[in-house]
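Everything below belongs to entry-v1.txt, which stores compact mmCIF, C-alpha atoms.
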```txt
# COMPACT_ATOMS: atom_id res chain seq x y z
CA MET A 1 75.84 117.23 88.13
CA THR A 2 75.49 119.28 91.31
CA GLN A 3 76.36 122.97 91.23
CA HIS A 4 79.27 123.46 93.61
CA LYS A 5 80.08 126.59 95.54
CA GLU A 6 83.41 128.33 94.97
CA ASN A 7 85.95 128.33 97.76
CA GLY A 8 88.31 131.21 98.27
CA ASP A 9 90.61 130.17 101.07
CA GLY A 10 93.77 130.50 98.98
CA TYR A 11 94.66 126.84 99.31
CA LEU A 12 95.63 126.33 95.68
CA ASP A 13 97.83 129.44 95.83
CA TYR A 14 99.47 127.91 98.89
CA ALA A 15 99.96 124.62 96.98
CA GLU A 16 101.66 126.54 94.19
CA ARG A 17 104.07 128.12 96.68
CA VAL A 18 104.85 124.68 98.10
CA TRP A 19 105.80 123.43 94.63
CA ARG A 20 108.08 126.41 94.13
CA GLY A 21 109.76 125.80 97.48
CA GLU A 22 108.47 129.03 99.00
CA GLU A 23 106.32 127.27 101.64
CA THR A 24 106.59 124.05 103.63
CA LEU A 25 104.00 121.31 104.03
CA LEU A 26 103.61 122.07 107.74
CA PRO A 27 100.43 124.21 107.44
CA HIS A 28 98.78 121.48 105.37
CA LEU A 29 99.81 118.60 107.61
CA THR A 30 98.86 120.35 110.85
CA GLY A 31 95.33 121.15 109.71
CA THR A 32 95.49 124.83 108.79
CA TYR A 33 93.40 124.12 105.68
CA THR A 34 91.25 121.31 107.13
CA ARG A 35 87.78 122.86 107.12
CA PRO A 36 84.15 121.80 106.53
CA GLU A 37 84.48 122.63 102.83
CA LEU A 38 86.29 121.08 99.90
CA VAL A 39 88.82 122.70 97.64
CA ARG A 40 87.50 122.60 94.10
CA ILE A 41 89.75 120.87 91.58
CA GLY A 42 88.03 121.59 88.27
CA GLU A 43 84.30 121.07 87.74
CA ARG A 44 83.95 117.50 88.94
CA ALA A 45 86.35 117.07 91.84
CA GLY A 46 86.83 118.34 95.36
CA PHE A 47 89.81 117.89 97.64
CA PHE A 48 89.77 117.60 101.43
CA PRO A 49 93.22 118.70 102.64
CA ALA A 50 94.21 117.10 105.94
CA PHE A 51 97.03 115.04 107.38
CA ALA A 52 95.54 112.25 105.22
CA ASN A 53 93.74 113.69 102.20
CA VAL A 54 90.44 112.69 100.63
CA ALA A 55 89.42 113.22 97.00
CA VAL A 56 85.72 113.56 96.12
CA PHE A 57 84.31 113.15 92.61
CA ASP A 58 80.86 114.13 91.34
CA SER A 59 80.07 111.48 88.75
CA GLY A 60 76.69 112.93 87.81
CA ASP A 61 75.17 109.85 89.45
CA GLY A 62 76.40 110.18 93.00
CA LEU A 63 79.74 110.84 94.66
CA VAL A 64 82.87 108.72 94.75
CA LEU A 65 85.42 109.22 97.53
CA VAL A 66 89.03 108.12 97.25
CA ASP A 67 90.06 107.44 100.85
CA SER A 68 88.17 108.72 103.89
CA GLY A 69 90.76 110.13 106.29
CA ASP A 70 91.15 109.28 109.96
CA PHE A 71 88.73 109.34 112.88
CA ARG A 72 89.76 112.87 113.92
CA THR A 73 88.54 114.40 110.66
CA ALA A 74 85.52 112.13 109.97
CA LYS A 75 82.86 114.65 111.02
CA THR A 76 84.61 117.54 109.29
CA LEU A 77 84.92 115.48 106.09
CA HIS A 78 81.22 114.64 106.18
CA ALA A 79 80.34 118.32 106.61
CA ALA A 80 82.70 119.28 103.78
CA VAL A 81 81.21 116.71 101.41
CA ARG A 82 77.68 117.83 102.25
CA ASP A 83 78.68 121.46 101.73
CA TYR A 84 79.95 120.39 98.31
CA SER A 85 76.96 118.29 97.23
CA ASP A 86 73.85 116.61 98.60
CA ALA A 87 74.24 113.72 96.16
CA PRO A 88 74.53 110.24 97.71
CA VAL A 89 77.97 108.75 98.28
CA ARG A 90 77.98 105.69 96.04
CA THR A 91 81.50 104.40 96.56
CA VAL A 92 84.51 104.85 98.82
CA VAL A 93 87.83 103.51 97.55
CA TYR A 94 90.54 102.67 100.07
CA THR A 95 93.95 103.30 98.53
CA HIS A 96 95.34 101.07 101.32
CA GLY A 97 94.48 100.01 104.84
CA HIS A 98 96.51 102.41 106.99
CA VAL A 99 94.32 103.76 109.77
CA ASP A 100 94.68 107.41 108.73
CA HIS A 101 92.89 106.62 105.44
CA VAL A 102 89.97 104.36 106.43
CA PHE A 103 88.13 105.88 109.37
CA GLY A 104 85.90 108.47 107.72
CA VAL A 105 83.16 106.22 106.33
CA ALA A 106 81.03 105.94 109.49
CA PRO A 107 79.14 109.27 109.13
CA PHE A 108 78.15 108.36 105.57
CA ASP A 109 77.02 104.89 106.67
CA GLN A 110 74.96 106.50 109.43
CA GLU A 111 73.46 109.00 107.01
CA ALA A 112 72.46 106.24 104.59
CA THR A 113 70.93 104.16 107.37
CA GLU A 114 68.87 107.12 108.61
CA GLN A 115 67.66 107.81 105.07
CA GLY A 116 66.86 104.17 104.37
CA VAL A 117 69.15 103.97 101.34
CA PRO A 118 72.04 101.60 100.57
CA LEU A 119 75.30 102.15 102.40
CA PRO A 120 78.26 103.37 100.33
CA GLU A 121 80.11 100.53 98.67
CA VAL A 122 83.65 100.35 100.04
CA ILE A 123 86.22 98.96 97.61
CA GLY A 124 89.81 97.97 98.33
CA HIS A 125 92.50 95.53 97.35
CA GLU A 126 92.02 92.03 98.73
CA ALA A 127 94.97 92.48 101.11
CA VAL A 128 93.20 95.34 102.92
CA SER A 129 90.97 92.88 104.75
CA GLU A 130 93.99 90.79 105.65
CA ARG A 131 95.65 93.94 107.04
CA PHE A 132 92.62 94.69 109.21
CA ASP A 133 92.65 91.13 110.54
CA ARG A 134 96.34 91.54 111.41
CA TYR A 135 95.70 94.90 113.06
CA VAL A 136 93.05 93.37 115.31
CA SER A 137 95.30 90.50 116.39
CA THR A 138 98.31 92.77 117.02
CA ALA A 139 96.56 95.82 118.47
CA GLY A 140 98.77 95.93 121.56
CA TYR A 141 101.98 95.76 119.53
CA ASN A 142 100.78 98.46 117.15
CA SER A 143 99.85 100.67 120.10
CA TRP A 144 103.39 100.47 121.45
CA ILE A 145 105.30 101.03 118.22
CA ASN A 146 103.08 103.93 117.10
CA ARG A 147 103.32 105.59 120.51
CA ARG A 148 107.08 105.59 120.01
CA GLN A 149 107.00 106.65 116.35
CA PHE A 150 104.54 109.53 116.76
CA GLY A 151 105.27 110.54 120.34
CA VAL A 152 101.69 109.99 121.53
CA PRO A 153 101.88 108.02 124.81
CA THR A 154 98.09 107.66 125.09
CA LEU A 155 97.58 106.19 121.61
CA ASN A 156 95.49 103.02 121.56
CA TRP A 157 95.33 101.04 118.34
CA PRO A 158 91.78 100.51 116.99
CA THR A 159 90.24 97.05 116.89
CA SER A 160 87.11 97.73 114.82
CA TYR A 161 87.25 98.46 111.09
CA ARG A 162 84.94 99.15 108.15
CA TYR A 163 85.94 96.27 105.90
CA PRO A 164 85.64 96.55 102.11
CA ASP A 165 82.40 95.32 100.57
CA THR A 166 84.18 94.60 97.27
CA THR A 167 87.78 93.53 96.80
CA TYR A 168 89.91 92.97 93.72
CA ARG A 169 93.32 91.47 92.95
CA ASP A 170 95.02 93.23 90.02
CA ARG A 171 92.72 95.76 88.33
CA LEU A 172 89.13 96.88 88.66
CA THR A 173 87.12 99.34 86.58
CA VAL A 174 84.30 101.16 88.34
CA ARG A 175 81.85 103.28 86.35
CA HIS A 176 79.56 105.86 87.91
CA GLY A 177 77.64 108.37 85.82
CA ASP A 178 80.01 110.11 83.43
CA LEU A 179 83.23 109.02 85.11
CA THR A 180 85.43 105.95 85.00
CA PHE A 181 87.59 104.95 87.94
CA GLU A 182 90.45 102.64 87.03
CA LEU A 183 91.77 100.92 90.17
CA VAL A 184 95.24 99.41 89.87
CA HIS A 185 97.04 97.39 92.53
CA ALA A 186 100.66 98.12 93.33
CA ARG A 187 103.10 97.25 96.07
CA GLY A 188 105.06 100.14 97.55
CA GLU A 189 104.86 101.43 101.09
CA THR A 190 102.24 98.72 101.59
CA ASP A 191 101.30 95.44 99.96
CA ASP A 192 97.64 96.51 99.54
CA ALA A 193 98.08 99.78 97.65
CA THR A 194 95.68 101.02 94.98
CA TYR A 195 96.10 104.00 92.71
CA VAL A 196 93.05 105.44 90.97
CA TRP A 197 93.01 106.94 87.48
CA ILE A 198 90.04 108.97 86.24
CA PRO A 199 90.75 109.33 82.50
CA GLU A 200 87.91 111.73 81.70
CA LEU A 201 89.39 114.25 84.14
CA ARG A 202 93.09 113.35 83.66
CA VAL A 203 93.25 113.05 87.46
CA LEU A 204 95.44 110.54 89.32
CA CYS A 205 94.94 109.64 92.98
CA THR A 206 98.12 108.03 94.27
CA GLY A 207 97.33 107.22 97.89
CA ASP A 208 100.62 106.80 99.75
CA LEU A 209 102.52 105.84 96.61
CA PHE A 210 103.29 109.58 96.50
CA ILE A 211 103.33 111.66 99.71
CA TRP A 212 105.61 114.66 99.02
CA ASN A 213 108.49 113.06 100.93
CA SER A 214 111.26 110.66 100.18
CA PRO A 215 109.41 107.34 99.78
CA ASN A 216 109.16 105.54 103.10
CA ALA A 217 110.81 102.38 101.84
CA GLY A 218 111.92 100.96 105.16
CA ASN A 219 111.13 101.13 108.85
CA PRO A 220 112.69 98.63 111.26
CA GLN A 221 109.55 98.40 113.43
CA LYS A 222 107.04 98.05 110.58
CA VAL A 223 106.27 95.45 107.95
CA GLN A 224 108.10 94.87 104.68
CA ARG A 225 108.09 97.65 102.06
CA TYR A 226 108.66 97.09 98.33
CA PRO A 227 110.99 99.71 96.81
CA GLU A 228 111.58 98.16 93.38
CA GLU A 229 107.90 97.45 92.77
CA TRP A 230 107.14 100.91 94.11
CA ALA A 231 109.44 102.45 91.50
CA ARG A 232 107.72 100.46 88.76
CA ALA A 233 104.34 101.69 89.97
CA LEU A 234 105.56 105.29 89.88
CA ARG A 235 106.80 104.77 86.31
CA ALA A 236 103.46 103.25 85.31
CA MET A 237 101.53 106.15 86.83
CA ARG A 238 103.81 108.58 85.02
CA GLU A 239 102.92 106.99 81.68
CA LEU A 240 99.23 107.86 82.20
CA GLY A 241 99.89 111.51 81.41
CA ALA A 242 97.88 112.86 84.35
CA GLU A 243 97.33 116.61 84.52
CA VAL A 244 96.40 116.59 88.21
CA LEU A 245 97.91 114.45 90.98
CA LEU A 246 95.97 114.18 94.24
CA PRO A 247 98.31 112.57 96.81
CA GLY A 248 97.59 110.67 100.00
CA HIS A 249 99.54 113.28 101.96
CA GLY A 250 100.59 116.77 100.95
CA VAL A 251 99.24 119.20 98.39
CA PRO A 252 97.87 118.57 94.88
CA ILE A 253 100.16 118.88 91.88
CA THR A 254 98.73 120.48 88.75
CA GLY A 255 100.24 120.42 85.28
CA ALA A 256 101.34 117.37 83.31
CA ASP A 257 105.03 118.32 83.36
CA ARG A 258 105.03 118.73 87.13
CA VAL A 259 103.20 115.45 87.70
CA SER A 260 105.67 113.68 85.43
CA GLN A 261 108.63 115.17 87.29
CA ALA A 262 107.26 114.31 90.72
CA LEU A 263 106.61 110.68 89.81
CA GLY A 264 109.79 110.27 87.79
CA ASP A 265 112.08 111.76 90.42
CA SER A 266 110.54 109.57 93.12
CA ALA A 267 111.05 106.47 90.98
CA ALA A 268 114.66 107.46 90.26
CA LEU A 269 115.35 107.92 93.97
CA LEU A 270 114.10 104.43 94.81
CA GLU A 271 115.92 102.91 91.86
CA THR A 272 119.30 104.38 92.80
CA LEU A 273 118.95 103.24 96.42
CA CYS A 274 118.24 99.68 95.26
CA GLU A 275 120.98 99.68 92.62
CA GLN A 276 123.65 101.01 94.96
CA THR A 277 122.66 98.61 97.73
CA ARG A 278 122.67 95.58 95.42
CA THR A 279 126.08 96.52 94.02
CA LEU A 280 127.60 96.77 97.50
CA MET A 281 125.96 93.50 98.57
CA ASN A 282 127.47 91.78 95.54
CA GLU A 283 130.86 93.18 96.53
CA GLY A 284 130.54 91.50 99.90
CA LYS A 285 130.08 94.64 101.96
CA ARG A 286 128.57 94.36 105.42
CA LEU A 287 125.27 95.98 106.37
CA ASP A 288 126.84 98.77 108.42
CA GLU A 289 129.15 99.73 105.57
CA ILE A 290 126.28 99.70 103.07
CA VAL A 291 124.15 101.96 105.28
CA HIS A 292 126.97 104.52 105.48
CA THR A 293 127.99 104.29 101.81
CA VAL A 294 124.74 104.54 99.86
CA LYS A 295 123.93 108.16 98.99
CA VAL A 296 120.98 109.75 97.21
CA PRO A 297 122.04 112.03 94.32
CA ARG A 298 121.92 115.66 95.42
CA GLU A 299 119.68 116.73 92.53
CA LEU A 300 116.97 114.32 93.67
CA LEU A 301 117.13 115.49 97.27
CA GLU A 302 116.80 119.07 96.09
```
Output the structure of this file as C-alpha cells.
Amino acid sequence: MTQHKENGDGYLDYAERVWRGEETLLPHLTGTYTRPELVRIGERAGFFPAFANVAVFDSGDGLVLVDSGDFRTAKTLHAAVRDYSDAPVRTVVYTHGHVDHVFGVAPFDQEATEQGVPLPEVIGHEAVSERFDRYVSTAGYNSWINRRQFGVPTLNWPTSYRYPDTTYRDRLTVRHGDLTFELVHARGETDDATYVWIPELRVLCTGDLFIWNSPNAGNPQKVQRYPEEWARALRAMRELGAEVLLPGHGVPITGADRVSQALGDSAALLETLCEQTRTLMNEGKRLDEIVHTVKVPRELLE
C-alpha cells in the first residue's frame, strides 16, 4: 500500500460543522475545497470534494475510483490522485450516468496510453450505456432544459462519452488487492444507479442516492424518478452498518449512528410523500389539491 501524505486543510472539521448545522454546503459545492489533493478518509481512502465528489481507494494492488467528476475538475482530480499515490488506476465505477460524474476518466486513459499499460476498466450498470445513447440523440433538448435549470445560457450538452467497459444488471463483486467492492443496482434519482460497499473499510459510496438534500424525486422537465424504490435502497444501505458515508454531493458523514440517521430520515421522507399522495389519490383528489395538501413532517425537514 502506498504511503499517503497528510492533508491539513481543515476539510473534515468543516464537514463536522456542516453536520451540526453550523455551516452550509455552499463552500463545498462552489469549490472552496476542490484542490489538487485528496482528503484522507482513514488509511485506504481519499476523498475529492467538488460539486460532484470522487472517492479513491488504495487496494494495495492499484487504485479504484468511485465516480470521476465532471469535465471542469478532470485535471484537478488527476493531479489530486497522483499527489495521493502513483499506483495505477485499475477501475473506475460510475454510480450513474449523469454528466457531472463521468467526465474525469480521460486524463487517466491518456496516462495509461502514454505509459503503454491497460486503460482503467470502467464499470457501470447496464442502463448507463443506454443513458449515454439517449444523451447523444437528445443533445439539443438537454442543452435547452439544463440552460434553464442551471442558468447557464451558453451550456452545450456533450455528445461524446466514455462508455463502461463492463456492465452488470443486479449485483457485481469486484476484488482488487485487499479490498472488496460490492456494487448494487438501485433505482432512485436515476434508473442506472449503483451504490458501492467496501466491507473491509465499512465505507459506503452512495452516488446520488444520498446528496445532503431532500431527495430529488421529481422534475417536470427530466425523466422518471423512482421514490419508493429509492426509499427501499436507502433502507438496504442503512442495514449495512457503514461507519463512513461518501456521498455523490456534499460532505462525508462519519460515525455509524449518523450514517444510519441520514439514510433512515431520507427514506422516511420519501415514504411519507408517497403514502400521503397515494391516500389522496385514492380519495379522488385532483392533482392541484394533492400538490398543496401533502406536507413533509417538520422533524424531517429540520
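Using all atoms listed in the file, the protein and nucleic acid residues lying no more than 12 Å from His292 (chain A), apart from those fewer than 4 places from it along its own chain, are Gln276, Thr277, Leu280, Lys285, Arg286, Leu287, Asp288 and Val296 of chain A.
Each of A:Val203, A:Val196, A:Ala256, A:Ala262 was checked against Val174 (chain A) using only C-alpha atoms; the smallest atom-to-atom distance is that of A:Val196.
Nearest residue to His185 (chain A) among A:Arg235, A:His96, A:Arg148, A:Arg225 is A:His96, counting all atoms listed in the file.
CA of Gly60 (chain A) is positioned 29.2 Å from CA of Ile211 (chain A).
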If you count all atoms listed in the file, which residues fall within 10 Å of Asn216 (chain A), apart from same-chain ones fewer than 6 positions away, as a compact mmCIF listing (two decimals) with C-alpha atoms, keeping the file's coordinate frame?
```txt
# COMPACT_ATOMS: atom_id res chain seq x y z
CA GLY A 188 105.06 100.14 97.55
CA GLU A 189 104.86 101.43 101.09
CA THR A 190 102.24 98.72 101.59
CA ASP A 208 100.62 106.80 99.75
CA LEU A 209 102.52 105.84 96.61
CA PHE A 210 103.29 109.58 96.50
CA ARG A 225 108.09 97.65 102.06
CA TYR A 226 108.66 97.09 98.33
CA PRO A 227 110.99 99.71 96.81
CA LEU A 270 114.10 104.43 94.81
```
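Shell of Asp100 (chain A) at 10 Å, with all atoms listed in the file counted and residues fewer than 4 places along the chain excluded, is Phe51, Ala52, Asn53, Asp67, Ser68, Gly69, Asp70, Phe71, Arg72, Thr73, His96, Gly104 and Gly248 of chain A.
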Is it possible to get the axis-aligned box enclosing region 122-128 of chain A (all listed atoms, 3 Å extra per side) as AutoDock Vina command-line options, with centre and edge lengths in Å rounded to one decimal?
```
--center_x 89.3 --center_y 96.2 --center_z 100.1 --size_x 17.3 --size_y 14.3 --size_z 11.6
```
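Of note, CA of Leu29 (chain A) and CA of Ala55 (chain A) are spaced 15.8 Å apart.
Minimum atom-to-atom distance to Arg20 (chain A), evaluated using only C-alpha atoms, belongs to A:Glu302 out of A:Asp86, A:Glu43, A:Asp133, A:Glu302.
Near Thr206 (chain A), within 10 Å and counting only C-alpha atoms, sit Val66, Thr95, Ala193, Thr194, Tyr195, Val196, Trp197, Val203, Leu209, Phe210, Ile211, Ala233, Leu234, Met237, Leu245, Leu246, Pro247, Gly248, His249 and Leu263 of chain A; same-chain residues fewer than 3 positions away were not included.
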Practice problem: Pick out the residues sitting within 10 Å of Gly31 (chain A), and hand them over as a count of residues only; count only C-alpha atoms, and ignore anything fewer than 3 positions along from it in its own chain. | Solution: 10
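For the residues A:Val117, A:Asp192, A:Pro297, A:Trp144, ranking by smallest atom-to-atom distance to Gln224 (chain A) using only C-alpha atoms places A:Asp192 first.
Of the residues under consideration (A:Tyr94, A:Phe132, A:Tyr161, A:Trp19), A:Tyr94 shows the shortest atom-to-atom contact distance to Gly207 (chain A) when counting all atoms listed in the file.
Atom to atom, CA of Thr91 (chain A) and CA of Pro120 (chain A) stand 5.1 Å apart.
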Exercise. Identify the residues around (94.8, 102.5, 119.8) within a radius of 10 Å, measuring from all atoms listed in the file in the coordinates stated by the file, and give them as a PyMOL selection string.
Key: chain A and resi 139-144+146-147+154-159
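Minimum atom-to-atom distances from A:Ile145, A:Cys274, A:Ala267, A:Gly151 to Val223 (chain A) were compared using only C-alpha atoms, and the lowest value belongs to A:Ile145.
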Completion step: region 46-57 of chain A with all heavy atoms as a PDB file, in the coordinates of the input:
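Saved to selection-v7.pdb:
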```
ATOM      1  N   GLY A  46      86.524 117.558  94.178  1.00  0.00           N
ATOM      2  CA  GLY A  46      86.830 118.340  95.360  1.00  0.00           C
ATOM      3  C   GLY A  46      87.920 117.638  96.155  1.00  0.00           C
ATOM      4  O   GLY A  46      88.069 116.413  96.090  1.00  0.00           O
ATOM      5  N   PHE A  47      88.657 118.418  96.915  1.00  0.00           N
ATOM      6  CA  PHE A  47      89.810 117.890  97.640  1.00  0.00           C
ATOM      7  C   PHE A  47      89.699 118.317  99.096  1.00  0.00           C
ATOM      8  O   PHE A  47      89.455 119.488  99.402  1.00  0.00           O
ATOM      9  CB  PHE A  47      91.100 118.447  97.021  1.00  0.00           C
ATOM     10  CG  PHE A  47      92.378 117.885  97.583  1.00  0.00           C
ATOM     11  CD1 PHE A  47      92.748 116.581  97.321  1.00  0.00           C
ATOM     12  CD2 PHE A  47      93.228 118.688  98.342  1.00  0.00           C
ATOM     13  CE1 PHE A  47      93.944 116.065  97.823  1.00  0.00           C
ATOM     14  CE2 PHE A  47      94.424 118.183  98.838  1.00  0.00           C
ATOM     15  CZ  PHE A  47      94.782 116.873  98.578  1.00  0.00           C
ATOM     16  N   PHE A  48      89.827 117.345  99.994  1.00  0.00           N
ATOM     17  CA  PHE A  48      89.770 117.600 101.430  1.00  0.00           C
ATOM     18  C   PHE A  48      91.196 117.532 101.969  1.00  0.00           C
ATOM     19  O   PHE A  48      91.757 116.450 102.136  1.00  0.00           O
ATOM     20  CB  PHE A  48      88.893 116.543 102.105  1.00  0.00           C
ATOM     21  CG  PHE A  48      88.719 116.724 103.590  1.00  0.00           C
ATOM     22  CD1 PHE A  48      87.940 117.761 104.093  1.00  0.00           C
ATOM     23  CD2 PHE A  48      89.316 115.849 104.483  1.00  0.00           C
ATOM     24  CE1 PHE A  48      87.769 117.920 105.467  1.00  0.00           C
ATOM     25  CE2 PHE A  48      89.145 115.990 105.853  1.00  0.00           C
ATOM     26  CZ  PHE A  48      88.373 117.037 106.344  1.00  0.00           C
ATOM     27  N   PRO A  49      91.824 118.699 102.204  1.00  0.00           N
ATOM     28  CA  PRO A  49      93.220 118.700 102.640  1.00  0.00           C
ATOM     29  C   PRO A  49      93.327 118.475 104.146  1.00  0.00           C
ATOM     30  O   PRO A  49      92.784 119.233 104.943  1.00  0.00           O
ATOM     31  CB  PRO A  49      93.712 120.094 102.245  1.00  0.00           C
ATOM     32  CG  PRO A  49      92.493 120.957 102.260  1.00  0.00           C
ATOM     33  CD  PRO A  49      91.323 120.063 101.969  1.00  0.00           C
ATOM     34  N   ALA A  50      94.024 117.438 104.527  1.00  0.00           N
ATOM     35  CA  ALA A  50      94.210 117.100 105.940  1.00  0.00           C
ATOM     36  C   ALA A  50      95.517 116.335 106.060  1.00  0.00           C
ATOM     37  O   ALA A  50      96.247 116.177 105.074  1.00  0.00           O
ATOM     38  CB  ALA A  50      93.037 116.264 106.448  1.00  0.00           C
ATOM     39  N   PHE A  51      95.830 115.866 107.260  1.00  0.00           N
ATOM     40  CA  PHE A  51      97.030 115.040 107.380  1.00  0.00           C
ATOM     41  C   PHE A  51      96.968 113.902 106.365  1.00  0.00           C
ATOM     42  O   PHE A  51      97.944 113.609 105.669  1.00  0.00           O
ATOM     43  CB  PHE A  51      97.166 114.495 108.797  1.00  0.00           C
ATOM     44  CG  PHE A  51      98.344 113.573 108.941  1.00  0.00           C
ATOM     45  CD1 PHE A  51      99.628 114.085 109.030  1.00  0.00           C
ATOM     46  CD2 PHE A  51      98.173 112.195 108.960  1.00  0.00           C
ATOM     47  CE1 PHE A  51     100.725 113.229 109.132  1.00  0.00           C
ATOM     48  CE2 PHE A  51      99.260 111.335 109.064  1.00  0.00           C
ATOM     49  CZ  PHE A  51     100.535 111.862 109.156  1.00  0.00           C
ATOM     50  N   ALA A  52      95.796 113.233 106.280  1.00  0.00           N
ATOM     51  CA  ALA A  52      95.540 112.250 105.220  1.00  0.00           C
ATOM     52  C   ALA A  52      94.407 112.805 104.357  1.00  0.00           C
ATOM     53  O   ALA A  52      93.310 113.049 104.851  1.00  0.00           O
ATOM     54  CB  ALA A  52      95.168 110.899 105.812  1.00  0.00           C
ATOM     55  N   ASN A  53      94.684 113.018 103.099  1.00  0.00           N
ATOM     56  CA  ASN A  53      93.740 113.690 102.200  1.00  0.00           C
ATOM     57  C   ASN A  53      92.619 112.768 101.742  1.00  0.00           C
ATOM     58  O   ASN A  53      92.746 111.540 101.768  1.00  0.00           O
ATOM     59  CB  ASN A  53      94.477 114.203 100.958  1.00  0.00           C
ATOM     60  CG  ASN A  53      95.611 115.132 101.299  1.00  0.00           C
ATOM     61  OD1 ASN A  53      95.497 115.981 102.173  1.00  0.00           O
ATOM     62  ND2 ASN A  53      96.730 114.983 100.587  1.00  0.00           N
ATOM     63  N   VAL A  54      91.550 113.400 101.259  1.00  0.00           N
ATOM     64  CA  VAL A  54      90.440 112.690 100.630  1.00  0.00           C
ATOM     65  C   VAL A  54      90.093 113.413  99.338  1.00  0.00           C
ATOM     66  O   VAL A  54      90.032 114.654  99.313  1.00  0.00           O
ATOM     67  CB  VAL A  54      89.200 112.652 101.547  1.00  0.00           C
ATOM     68  CG1 VAL A  54      88.061 111.882 100.876  1.00  0.00           C
ATOM     69  CG2 VAL A  54      89.546 112.034 102.903  1.00  0.00           C
ATOM     70  N   ALA A  55      89.881 112.663  98.270  1.00  0.00           N
ATOM     71  CA  ALA A  55      89.420 113.220  97.000  1.00  0.00           C
ATOM     72  C   ALA A  55      87.966 112.820  96.792  1.00  0.00           C
ATOM     73  O   ALA A  55      87.579 111.680  97.076  1.00  0.00           O
ATOM     74  CB  ALA A  55      90.280 112.716  95.842  1.00  0.00           C
ATOM     75  N   VAL A  56      87.157 113.770  96.302  1.00  0.00           N
ATOM     76  CA  VAL A  56      85.720 113.560  96.120  1.00  0.00           C
ATOM     77  C   VAL A  56      85.376 113.885  94.677  1.00  0.00           C
ATOM     78  O   VAL A  56      85.739 114.956  94.171  1.00  0.00           O
ATOM     79  CB  VAL A  56      84.901 114.450  97.071  1.00  0.00           C
ATOM     80  CG1 VAL A  56      83.415 114.198  96.893  1.00  0.00           C
ATOM     81  CG2 VAL A  56      85.324 114.224  98.526  1.00  0.00           C
ATOM     82  N   PHE A  57      84.651 112.979  94.017  1.00  0.00           N
ATOM     83  CA  PHE A  57      84.310 113.150  92.610  1.00  0.00           C
ATOM     84  C   PHE A  57      82.803 113.109  92.428  1.00  0.00           C
ATOM     85  O   PHE A  57      82.130 112.211  92.936  1.00  0.00           O
ATOM     86  CB  PHE A  57      84.979 112.067  91.757  1.00  0.00           C
ATOM     87  CG  PHE A  57      86.472 112.119  91.815  1.00  0.00           C
ATOM     88  CD1 PHE A  57      87.167 111.373  92.764  1.00  0.00           C
ATOM     89  CD2 PHE A  57      87.184 112.938  90.957  1.00  0.00           C
ATOM     90  CE1 PHE A  57      88.541 111.434  92.837  1.00  0.00           C
ATOM     91  CE2 PHE A  57      88.568 113.003  91.024  1.00  0.00           C
ATOM     92  CZ  PHE A  57      89.251 112.250  91.967  1.00  0.00           C
TER      93      PHE A  57
END
```
